[in-house]
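Visitor: Sharing my_file16.tsv here; it has TSV, C-alpha atoms.
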chain	number	residue	atom	x	y	z
A	2	GLY	CA	4.52	30.37	2.09
A	3	ALA	CA	3.51	27.44	4.33
A	4	VAL	CA	7.02	26.34	5.25
A	5	VAL	CA	7.58	23.50	7.69
A	6	SER	CA	10.99	22.94	9.20
A	7	GLN	CA	11.98	19.59	10.69
A	8	HIS	CA	15.05	19.04	12.83
A	9	PRO	CA	17.33	17.17	12.95
A	10	SER	CA	17.52	15.89	9.39
A	11	TRP	CA	19.67	12.95	10.36
A	12	VAL	CA	20.52	11.27	13.64
A	13	ILE	CA	22.52	8.20	14.57
A	14	CYS	CA	22.44	6.98	18.14
A	15	LYS	CA	22.94	3.96	20.31
A	16	SER	CA	20.21	1.53	21.23
A	17	GLY	CA	18.36	2.63	24.37
A	18	THR	CA	18.71	6.34	23.68
A	19	SER	CA	15.69	8.62	23.46
A	20	VAL	CA	15.56	10.87	20.42
A	21	LYS	CA	13.51	14.04	20.00
A	22	ILE	CA	12.47	15.34	16.59
A	23	GLU	CA	11.07	18.84	16.18
A	24	CYS	CA	8.59	20.05	13.60
A	25	ARG	CA	8.02	23.77	13.23
A	26	SER	CA	5.64	25.74	11.05
A	27	LEU	CA	7.61	28.86	10.17
A	28	ASP	CA	5.04	31.14	8.60
A	29	PHE	CA	1.62	29.88	9.64
A	30	GLN	CA	-0.20	28.62	12.68
A	31	ALA	CA	-0.47	24.87	12.50
A	32	THR	CA	-3.60	23.84	14.33
A	33	THR	CA	-3.03	20.24	13.26
A	34	MET	CA	0.24	18.39	12.81
A	35	PHE	CA	0.86	14.86	11.61
A	36	TRP	CA	3.68	12.41	12.11
A	37	TYR	CA	4.45	9.76	9.48
A	38	ARG	CA	6.91	6.95	9.20
A	39	GLN	CA	8.27	5.82	5.86
A	40	PHE	CA	10.21	2.64	5.16
A	41	PRO	CA	12.55	2.47	2.15
A	42	LYS	CA	10.70	2.58	-1.17
A	43	GLN	CA	7.35	2.45	0.60
A	44	SER	CA	4.46	4.75	1.31
A	45	LEU	CA	3.94	7.01	4.28
A	46	MET	CA	2.31	5.44	7.29
A	47	LEU	CA	0.44	7.84	9.54
A	48	MET	CA	1.53	7.42	13.14
A	49	ALA	CA	-0.49	10.10	14.89
A	50	THR	CA	-2.43	13.31	14.50
A	51	SER	CA	-1.95	16.09	17.00
A	52	ASN	CA	-3.99	19.19	17.62
A	53	GLU	CA	-2.48	22.13	19.47
A	54	GLY	CA	-3.10	21.92	23.17
A	55	SER	CA	-4.62	18.44	23.22
A	56	LYS	CA	-3.42	14.88	23.31
A	57	ALA	CA	-2.36	13.25	20.08
A	58	THR	CA	-4.54	10.65	18.40
A	59	TYR	CA	-2.47	7.59	17.58
A	60	GLU	CA	-3.15	5.16	14.78
A	61	GLN	CA	-3.79	1.53	15.56
A	62	GLY	CA	-0.61	-0.35	16.27
A	63	VAL	CA	1.46	2.71	17.20
A	64	GLU	CA	2.70	2.59	20.78
A	65	LYS	CA	1.85	5.78	22.63
A	66	ASP	CA	4.51	5.24	25.27
A	67	LYS	CA	7.13	4.58	22.64
A	68	PHE	CA	6.39	7.54	20.41
A	69	LEU	CA	5.61	10.56	22.57
A	70	ILE	CA	4.05	13.47	20.74
A	71	ASN	CA	3.69	16.97	22.10
A	72	HIS	CA	2.00	19.86	20.32
A	73	ALA	CA	2.29	22.60	22.89
A	74	SER	CA	2.09	25.58	20.56
A	75	LEU	CA	0.67	26.50	17.18
A	76	THR	CA	4.12	26.37	15.62
A	77	LEU	CA	5.83	23.42	17.25
A	78	SER	CA	5.23	19.71	17.59
A	79	THR	CA	7.77	17.20	18.85
A	80	LEU	CA	8.08	13.45	18.45
A	81	THR	CA	10.21	11.64	21.02
A	82	VAL	CA	11.22	8.08	20.26
A	83	THR	CA	11.84	6.67	23.72
A	84	SER	CA	14.41	3.95	24.37
A	85	ALA	CA	15.00	3.56	20.66
A	86	HIS	CA	16.00	0.20	19.23
A	87	PRO	CA	17.27	-0.80	15.77
A	88	GLU	CA	13.74	-1.64	14.61
A	89	ASP	CA	12.81	2.01	15.16
A	90	SER	CA	15.27	3.03	12.46
A	91	SER	CA	13.27	4.73	9.76
A	92	PHE	CA	12.50	7.99	7.99
A	93	TYR	CA	10.12	10.12	10.05
A	94	ILE	CA	8.25	12.98	8.40
A	95	CYS	CA	5.98	15.60	9.91
A	96	SER	CA	3.37	17.69	8.19
A	97	ALA	CA	1.16	20.54	9.25
A	98	SER	CA	-2.06	22.18	8.27
A	99	TRP	CA	-4.61	24.59	9.65
A	100	GLY	CA	-8.34	25.02	10.04
A	101	ALA	CA	-10.44	22.49	8.16
A	102	TRP	CA	-7.30	20.57	7.28
A	103	SER	CA	-9.00	17.65	5.57
A	104	ASN	CA	-9.81	19.80	2.54
A	105	GLN	CA	-6.46	21.53	2.40
A	106	PRO	CA	-2.96	20.46	1.45
A	107	GLN	CA	-0.61	19.25	4.12
A	108	HIS	CA	2.75	20.95	4.27
A	109	PHE	CA	5.65	18.65	4.93
A	110	GLY	CA	8.99	18.95	6.62
A	111	ASP	CA	12.04	17.43	4.97
A	112	GLY	CA	12.06	14.40	7.22
A	113	THR	CA	14.43	12.92	9.79
A	114	ARG	CA	16.44	9.83	9.04
A	115	LEU	CA	16.87	7.94	12.30
A	116	SER	CA	19.45	5.18	12.56
A	117	ILE	CA	19.72	3.21	15.78
A	118	LEU	CA	22.87	1.17	16.24
B	23	SER	CA	-5.29	-0.34	5.34
B	24	GLN	CA	-4.10	0.60	1.87
B	25	GLN	CA	-6.48	2.90	0.07
B	26	GLY	CA	-4.74	4.40	-2.94
B	27	GLU	CA	-2.79	2.24	-5.33
B	28	GLU	CA	-0.64	3.92	-7.96
B	29	ASP	CA	0.07	2.46	-11.33
B	30	PRO	CA	2.67	1.97	-12.64
B	31	GLN	CA	5.07	1.44	-9.74
B	32	ALA	CA	7.90	2.80	-11.87
B	33	LEU	CA	7.99	4.80	-15.08
B	34	SER	CA	10.99	5.79	-17.18
B	35	ILE	CA	10.61	8.28	-20.04
B	36	GLN	CA	12.66	10.69	-22.12
B	37	GLU	CA	12.70	14.39	-21.55
B	38	GLY	CA	9.91	16.09	-23.46
B	39	GLU	CA	7.55	13.14	-23.28
B	40	ASN	CA	4.36	13.10	-21.24
B	41	ALA	CA	4.09	11.02	-18.09
B	42	THR	CA	0.80	9.57	-16.88
B	43	MET	CA	0.33	8.04	-13.46
B	44	ASN	CA	-2.86	6.46	-12.23
B	45	CYS	CA	-4.34	6.02	-8.79
B	46	SER	CA	-7.18	3.73	-7.79
B	47	TYR	CA	-8.93	3.71	-4.45
B	48	LYS	CA	-11.51	1.64	-2.67
B	49	THR	CA	-13.88	3.75	-0.58
B	50	SER	CA	-15.68	7.05	-1.06
B	51	ILE	CA	-13.50	10.09	-0.63
B	52	ASN	CA	-13.77	13.77	0.26
B	53	ASN	CA	-10.87	14.72	-1.97
B	54	LEU	CA	-7.80	13.30	-3.65
B	55	GLN	CA	-4.37	14.88	-3.50
B	56	TRP	CA	-1.15	14.35	-5.41
B	57	TYR	CA	2.24	14.85	-3.82
B	58	ARG	CA	5.78	14.64	-5.08
B	59	GLN	CA	8.79	13.39	-3.11
B	60	ASN	CA	12.38	13.80	-4.12
B	61	SER	CA	14.66	11.08	-2.79
B	62	GLY	CA	15.26	11.42	0.94
B	63	ARG	CA	13.13	14.55	1.25
B	64	GLY	CA	9.69	15.52	2.43
B	65	LEU	CA	6.62	15.69	0.25
B	66	VAL	CA	5.52	18.64	-1.82
B	67	HIS	CA	1.84	19.18	-2.50
B	68	LEU	CA	0.94	19.34	-6.19
B	69	ILE	CA	-2.83	19.39	-6.62
B	70	LEU	CA	-5.95	18.79	-4.54
B	71	ILE	CA	-9.10	17.79	-6.38
B	72	ARG	CA	-12.40	17.61	-4.54
B	73	SER	CA	-14.84	14.75	-4.96
B	74	ASN	CA	-17.25	16.93	-6.95
B	75	GLU	CA	-14.56	18.03	-9.40
B	76	ARG	CA	-13.54	16.13	-12.51
B	77	GLU	CA	-10.40	17.86	-13.71
B	78	LYS	CA	-7.84	20.32	-12.47
B	79	HIS	CA	-4.79	21.96	-14.02
B	80	SER	CA	-1.68	23.53	-12.58
B	81	GLY	CA	1.06	24.50	-15.02
B	82	ARG	CA	2.22	21.31	-16.74
B	83	LEU	CA	0.13	19.15	-14.42
B	84	ARG	CA	-3.34	17.85	-15.17
B	85	VAL	CA	-5.32	15.76	-12.72
B	86	THR	CA	-8.55	13.96	-13.45
B	87	LEU	CA	-10.90	12.28	-11.03
B	88	ASP	CA	-13.54	9.68	-11.89
B	89	THR	CA	-15.47	8.87	-8.73
B	90	SER	CA	-17.60	6.27	-10.52
B	91	LYS	CA	-14.46	4.28	-11.29
B	92	LYS	CA	-12.73	5.33	-8.08
B	93	SER	CA	-9.68	6.43	-9.99
B	94	SER	CA	-7.55	9.46	-10.67
B	95	SER	CA	-4.74	10.25	-13.05
B	96	LEU	CA	-1.85	12.69	-12.97
B	97	LEU	CA	-0.48	13.85	-16.30
B	98	ILE	CA	2.82	15.70	-16.51
B	99	THR	CA	3.30	17.23	-19.94
B	100	ALA	CA	6.62	18.03	-21.60
B	101	SER	CA	8.55	16.33	-18.81
B	102	ARG	CA	11.93	17.55	-17.64
B	103	ALA	CA	14.80	15.78	-15.91
B	104	ALA	CA	13.91	17.80	-12.80
B	105	ASP	CA	10.54	16.02	-12.68
B	106	THR	CA	12.35	12.85	-11.61
B	107	ALA	CA	10.81	11.94	-8.25
B	108	SER	CA	8.24	9.68	-6.61
B	109	TYR	CA	4.63	10.72	-6.96
B	110	PHE	CA	2.00	9.76	-4.40
B	111	CYS	CA	-1.74	10.02	-4.47
B	112	ALA	CA	-3.47	10.52	-1.14
B	113	THR	CA	-7.16	10.16	-0.47
B	114	GLY	CA	-8.88	12.41	2.02
B	115	LEU	CA	-11.64	10.45	3.63
B	116	THR	CA	-13.73	10.07	6.73
B	117	GLN	CA	-13.10	6.80	8.53
B	118	GLY	CA	-14.57	5.84	11.86
B	119	GLY	CA	-15.73	9.38	12.43
B	120	SER	CA	-12.24	10.76	11.91
B	121	GLU	CA	-10.84	12.49	8.88
B	122	LYS	CA	-7.71	10.95	7.43
B	123	LEU	CA	-5.32	11.34	4.54
B	124	VAL	CA	-4.21	7.94	3.30
B	125	PHE	CA	-1.24	7.66	0.95
B	126	GLY	CA	-0.69	5.15	-1.82
B	127	LYS	CA	2.59	3.40	-2.50
B	128	GLY	CA	3.72	5.84	-5.13
B	129	THR	CA	5.05	5.86	-8.67
B	130	LYS	CA	8.75	6.37	-9.17
B	131	LEU	CA	9.23	8.55	-12.24
B	132	THR	CA	12.58	8.82	-13.99
B	133	VAL	CA	12.96	11.39	-16.76
B	134	ASN	CA	16.07	10.79	-18.80
B	135	PRO	CA	17.81	13.81	-20.32
Just dump the structure as structure tokens.

Guide:
Amino acid sequence: GAVVSQHPSWVICKSGTSVKIECRSLDFQATTMFWYRQFPKQSLMLMATSNEGSKATYEQGVEKDKFLINHASLTLSTLTVTSAHPEDSSFYICSASWGAWSNQPQHFGDGTRLSIL
Amino acid sequence: SQQGEEDPQALSIQEGENATMNCSYKTSINNLQWYRQNSGRGLVHLILIRSNEREKHSGRLRVTLDTSKKSSSLLITASRAADTASYFCATGLTQGGSEKLVFGKGTKLTVNP
């Protein structure tokens, strides 16, 4: 149980393009979803936390207008990288949890490798 | 800011040996979690240990937590080639009124057949 699906797994696009990444909880209701960014051989950096039906809470240094997060339902959150540039190339991973999430495991998607040319 | 720091950064062992990874952290925590990541994939949750617990087992995994030393260890017994992955500790904490899960840099484990 607790399966999270992330799509697409890999995307290559031209500079200036906007890219949408979807994160779905397949068998549970995800009241809280998280978006992380991971650089090669490094740790996960939390970008934002989103609760269903409310605005996402962004971490310091993460541009809200650049990384648009929507969590419109209990099973879907999306991250849109707007006007992507080469420096936005990275591995983006979502995770989801429910209820009192801070004392429960997070369930991760398989990540999206984004390459901006 | 970095909270958990894993040690060693990389570990290479033979199949059948035990692997021990350590995690140190700086501030008080609500819980500590260990995750595994295969190359290019998402993370898989292994064990969550609460701040009032000292040890937890799950199959071949054993996690200890010493809050006085602000450290935790993950022991994998009788390792297998399939255990090859990166292992991350993550501290669940309350920071600025918000609850967060902060990941360390990870230990890259290689189990040689």

Visitor: Which neighbours of Ile35 of chain B fall inside 12 Å, counting all atoms listed in the file, when residues of the same chain fewer than 4 positions from it are skipped, and could you give them as a PyMOL selection string?

Guide: chain B and resi 39-42+98-103+105-106+130-135

Visitor: Please determine, counting all atoms listed in the file, which residue among B:Gln59, B:Gln36, B:Thr89, B:Ser94 has the shortest atom-to-atom distance to chain A.

Guide: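 Comparing B:Gln59, B:Gln36, B:Thr89, B:Ser94 against chain A, the winner is B:Gln59.
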
Visitor: Residues of chain B within 7 Å of chain A, counting all atoms listed in the file, what are they? List them as a PyMOL selection string.

Guide: chain B and resi 53+63-67+70+114+121+125-128

Visitor: Which residues, protein or nucleic acid, reach to within 10 Å of (0.9, 14.3, -7.4) in the file's coordinates when using all atoms listed in the file, and can you give that as a VMD selection string?

Guide: chain B and resid 43 to 45 54 to 59 65 to 70 83 to 85 95 to 98 108 to 112 128 to 129

Visitor: If you measure from atom CA of Lys65 of chain A to atom CA of Leu115 of chain B, what distance in Å do you get, rounded to one decimal?

Guide: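 That distance, rounded to one decimal, is 23.8 Å.
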
Visitor: Rank nothing, just name the residue among B:Glu28, B:Gly38, B:Leu87, B:Leu123 nearest to Met48 of chain A, using only C-alpha atoms.

Guide: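 Comparing B:Glu28, B:Gly38, B:Leu87, B:Leu123 against Met48 of chain A, the winner is B:Leu123.
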
Visitor: Extract segment 78-102 of chain B from the preceding block and save N, CA, C and O atoms as a PDB file, in the first residue's frame.

Guide:
ATOM      1  N   LYS B  78      14.979  -0.136  17.277  1.00  0.00           N
ATOM      2  CA  LYS B  78      13.879  -0.688  16.515  1.00  0.00           C
ATOM      3  C   LYS B  78      14.432  -1.664  15.488  1.00  0.00           C
ATOM      4  O   LYS B  78      15.520  -1.464  14.948  1.00  0.00           O
ATOM      5  N   HIS B  79      13.669  -2.728  15.238  1.00  0.00           N
ATOM      6  CA  HIS B  79      14.105  -3.747  14.289  1.00  0.00           C
ATOM      7  C   HIS B  79      13.064  -3.902  13.194  1.00  0.00           C
ATOM      8  O   HIS B  79      11.865  -3.733  13.416  1.00  0.00           O
ATOM      9  N   SER B  80      13.549  -4.239  12.012  1.00  0.00           N
ATOM     10  CA  SER B  80      12.655  -4.607  10.924  1.00  0.00           C
ATOM     11  C   SER B  80      13.422  -5.544  10.013  1.00  0.00           C
ATOM     12  O   SER B  80      14.296  -5.128   9.259  1.00  0.00           O
ATOM     13  N   GLY B  81      13.127  -6.831  10.096  1.00  0.00           N
ATOM     14  CA  GLY B  81      13.854  -7.821   9.293  1.00  0.00           C
ATOM     15  C   GLY B  81      15.341  -7.792   9.591  1.00  0.00           C
ATOM     16  O   GLY B  81      15.770  -7.956  10.730  1.00  0.00           O
ATOM     17  N   ARG B  82      16.145  -7.538   8.563  1.00  0.00           N
ATOM     18  CA  ARG B  82      17.603  -7.471   8.746  1.00  0.00           C
ATOM     19  C   ARG B  82      18.088  -6.083   9.160  1.00  0.00           C
ATOM     20  O   ARG B  82      19.294  -5.852   9.245  1.00  0.00           O
ATOM     21  N   LEU B  83      17.176  -5.189   9.404  1.00  0.00           N
ATOM     22  CA  LEU B  83      17.544  -3.820   9.773  1.00  0.00           C
ATOM     23  C   LEU B  83      17.398  -3.610  11.273  1.00  0.00           C
ATOM     24  O   LEU B  83      16.430  -4.064  11.887  1.00  0.00           O
ATOM     25  N   ARG B  84      18.379  -2.892  11.828  1.00  0.00           N
ATOM     26  CA  ARG B  84      18.302  -2.511  13.238  1.00  0.00           C
ATOM     27  C   ARG B  84      18.714  -1.048  13.343  1.00  0.00           C
ATOM     28  O   ARG B  84      19.780  -0.665  12.870  1.00  0.00           O
ATOM     29  N   VAL B  85      17.853  -0.259  13.942  1.00  0.00           N
ATOM     30  CA  VAL B  85      18.132   1.164  14.122  1.00  0.00           C
ATOM     31  C   VAL B  85      18.206   1.468  15.602  1.00  0.00           C
ATOM     32  O   VAL B  85      17.386   0.996  16.382  1.00  0.00           O
ATOM     33  N   THR B  86      19.215   2.234  15.967  1.00  0.00           N
ATOM     34  CA  THR B  86      19.327   2.715  17.345  1.00  0.00           C
ATOM     35  C   THR B  86      19.282   4.234  17.344  1.00  0.00           C
ATOM     36  O   THR B  86      19.614   4.886  16.345  1.00  0.00           O
ATOM     37  N   LEU B  87      18.850   4.776  18.453  1.00  0.00           N
ATOM     38  CA  LEU B  87      18.776   6.227  18.606  1.00  0.00           C
ATOM     39  C   LEU B  87      19.294   6.594  19.985  1.00  0.00           C
ATOM     40  O   LEU B  87      18.824   6.045  20.997  1.00  0.00           O
ATOM     41  N   ASP B  88      20.251   7.492  20.025  1.00  0.00           N
ATOM     42  CA  ASP B  88      20.792   8.003  21.290  1.00  0.00           C
ATOM     43  C   ASP B  88      20.586   9.513  21.296  1.00  0.00           C
ATOM     44  O   ASP B  88      21.369  10.257  20.695  1.00  0.00           O
ATOM     45  N   THR B  89      19.531   9.956  21.938  1.00  0.00           N
ATOM     46  CA  THR B  89      19.210  11.386  21.914  1.00  0.00           C
ATOM     47  C   THR B  89      20.220  12.203  22.721  1.00  0.00           C
ATOM     48  O   THR B  89      20.389  13.388  22.455  1.00  0.00           O
ATOM     49  N   SER B  90      20.881  11.583  23.685  1.00  0.00           N
ATOM     50  CA  SER B  90      21.875  12.327  24.470  1.00  0.00           C
ATOM     51  C   SER B  90      23.092  12.665  23.611  1.00  0.00           C
ATOM     52  O   SER B  90      23.724  13.703  23.787  1.00  0.00           O
ATOM     53  N   LYS B  91      23.394  11.792  22.676  1.00  0.00           N
ATOM     54  CA  LYS B  91      24.523  12.029  21.769  1.00  0.00           C
ATOM     55  C   LYS B  91      24.054  12.580  20.423  1.00  0.00           C
ATOM     56  O   LYS B  91      24.889  12.861  19.548  1.00  0.00           O
ATOM     57  N   LYS B  92      22.761  12.721  20.280  1.00  0.00           N
ATOM     58  CA  LYS B  92      22.186  13.203  19.019  1.00  0.00           C
ATOM     59  C   LYS B  92      22.720  12.369  17.844  1.00  0.00           C
ATOM     60  O   LYS B  92      23.290  12.907  16.876  1.00  0.00           O
ATOM     61  N   SER B  93      22.540  11.076  17.962  1.00  0.00           N
ATOM     62  CA  SER B  93      23.036  10.205  16.910  1.00  0.00           C
ATOM     63  C   SER B  93      22.147   8.973  16.756  1.00  0.00           C
ATOM     64  O   SER B  93      21.434   8.576  17.682  1.00  0.00           O
ATOM     65  N   SER B  94      22.212   8.407  15.571  1.00  0.00           N
ATOM     66  CA  SER B  94      21.467   7.195  15.267  1.00  0.00           C
ATOM     67  C   SER B  94      22.346   6.311  14.397  1.00  0.00           C
ATOM     68  O   SER B  94      23.264   6.791  13.718  1.00  0.00           O
ATOM     69  N   SER B  95      22.077   5.028  14.433  1.00  0.00           N
ATOM     70  CA  SER B  95      22.794   4.126  13.539  1.00  0.00           C
ATOM     71  C   SER B  95      21.815   3.177  12.874  1.00  0.00           C
ATOM     72  O   SER B  95      20.775   2.833  13.440  1.00  0.00           O
ATOM     73  N   LEU B  96      22.159   2.801  11.657  1.00  0.00           N
ATOM     74  CA  LEU B  96      21.400   1.808  10.897  1.00  0.00           C
ATOM     75  C   LEU B  96      22.331   0.637  10.632  1.00  0.00           C
ATOM     76  O   LEU B  96      23.402   0.812  10.049  1.00  0.00           O
ATOM     77  N   LEU B  97      21.929  -0.530  11.087  1.00  0.00           N
ATOM     78  CA  LEU B  97      22.696  -1.751  10.867  1.00  0.00           C
ATOM     79  C   LEU B  97      21.930  -2.647   9.916  1.00  0.00           C
ATOM     80  O   LEU B  97      20.761  -2.937  10.142  1.00  0.00           O
ATOM     81  N   ILE B  98      22.589  -3.054   8.843  1.00  0.00           N
ATOM     82  CA  ILE B  98      22.021  -4.043   7.934  1.00  0.00           C
ATOM     83  C   ILE B  98      22.827  -5.321   8.111  1.00  0.00           C
ATOM     84  O   ILE B  98      24.045  -5.342   7.881  1.00  0.00           O
ATOM     85  N   THR B  99      22.189  -6.369   8.555  1.00  0.00           N
ATOM     86  CA  THR B  99      22.900  -7.627   8.786  1.00  0.00           C
ATOM     87  C   THR B  99      22.837  -8.513   7.545  1.00  0.00           C
ATOM     88  O   THR B  99      21.909  -8.422   6.735  1.00  0.00           O
ATOM     89  N   ALA B 100      23.846  -9.369   7.415  1.00  0.00           N
ATOM     90  CA  ALA B 100      23.901 -10.340   6.319  1.00  0.00           C
ATOM     91  C   ALA B 100      23.557  -9.671   4.990  1.00  0.00           C
ATOM     92  O   ALA B 100      22.600 -10.057   4.301  1.00  0.00           O
ATOM     93  N   SER B 101      24.339  -8.682   4.635  1.00  0.00           N
ATOM     94  CA  SER B 101      24.017  -7.860   3.457  1.00  0.00           C
ATOM     95  C   SER B 101      23.986  -8.675   2.171  1.00  0.00           C
ATOM     96  O   SER B 101      24.639  -9.713   2.045  1.00  0.00           O
ATOM     97  N   ARG B 102      23.215  -8.167   1.241  1.00  0.00           N
ATOM     98  CA  ARG B 102      23.055  -8.787  -0.078  1.00  0.00           C
ATOM     99  C   ARG B 102      23.393  -7.763  -1.147  1.00  0.00           C
ATOM    100  O   ARG B 102      23.319  -6.559  -0.908  1.00  0.00           O
TER     101      ARG B 102
END
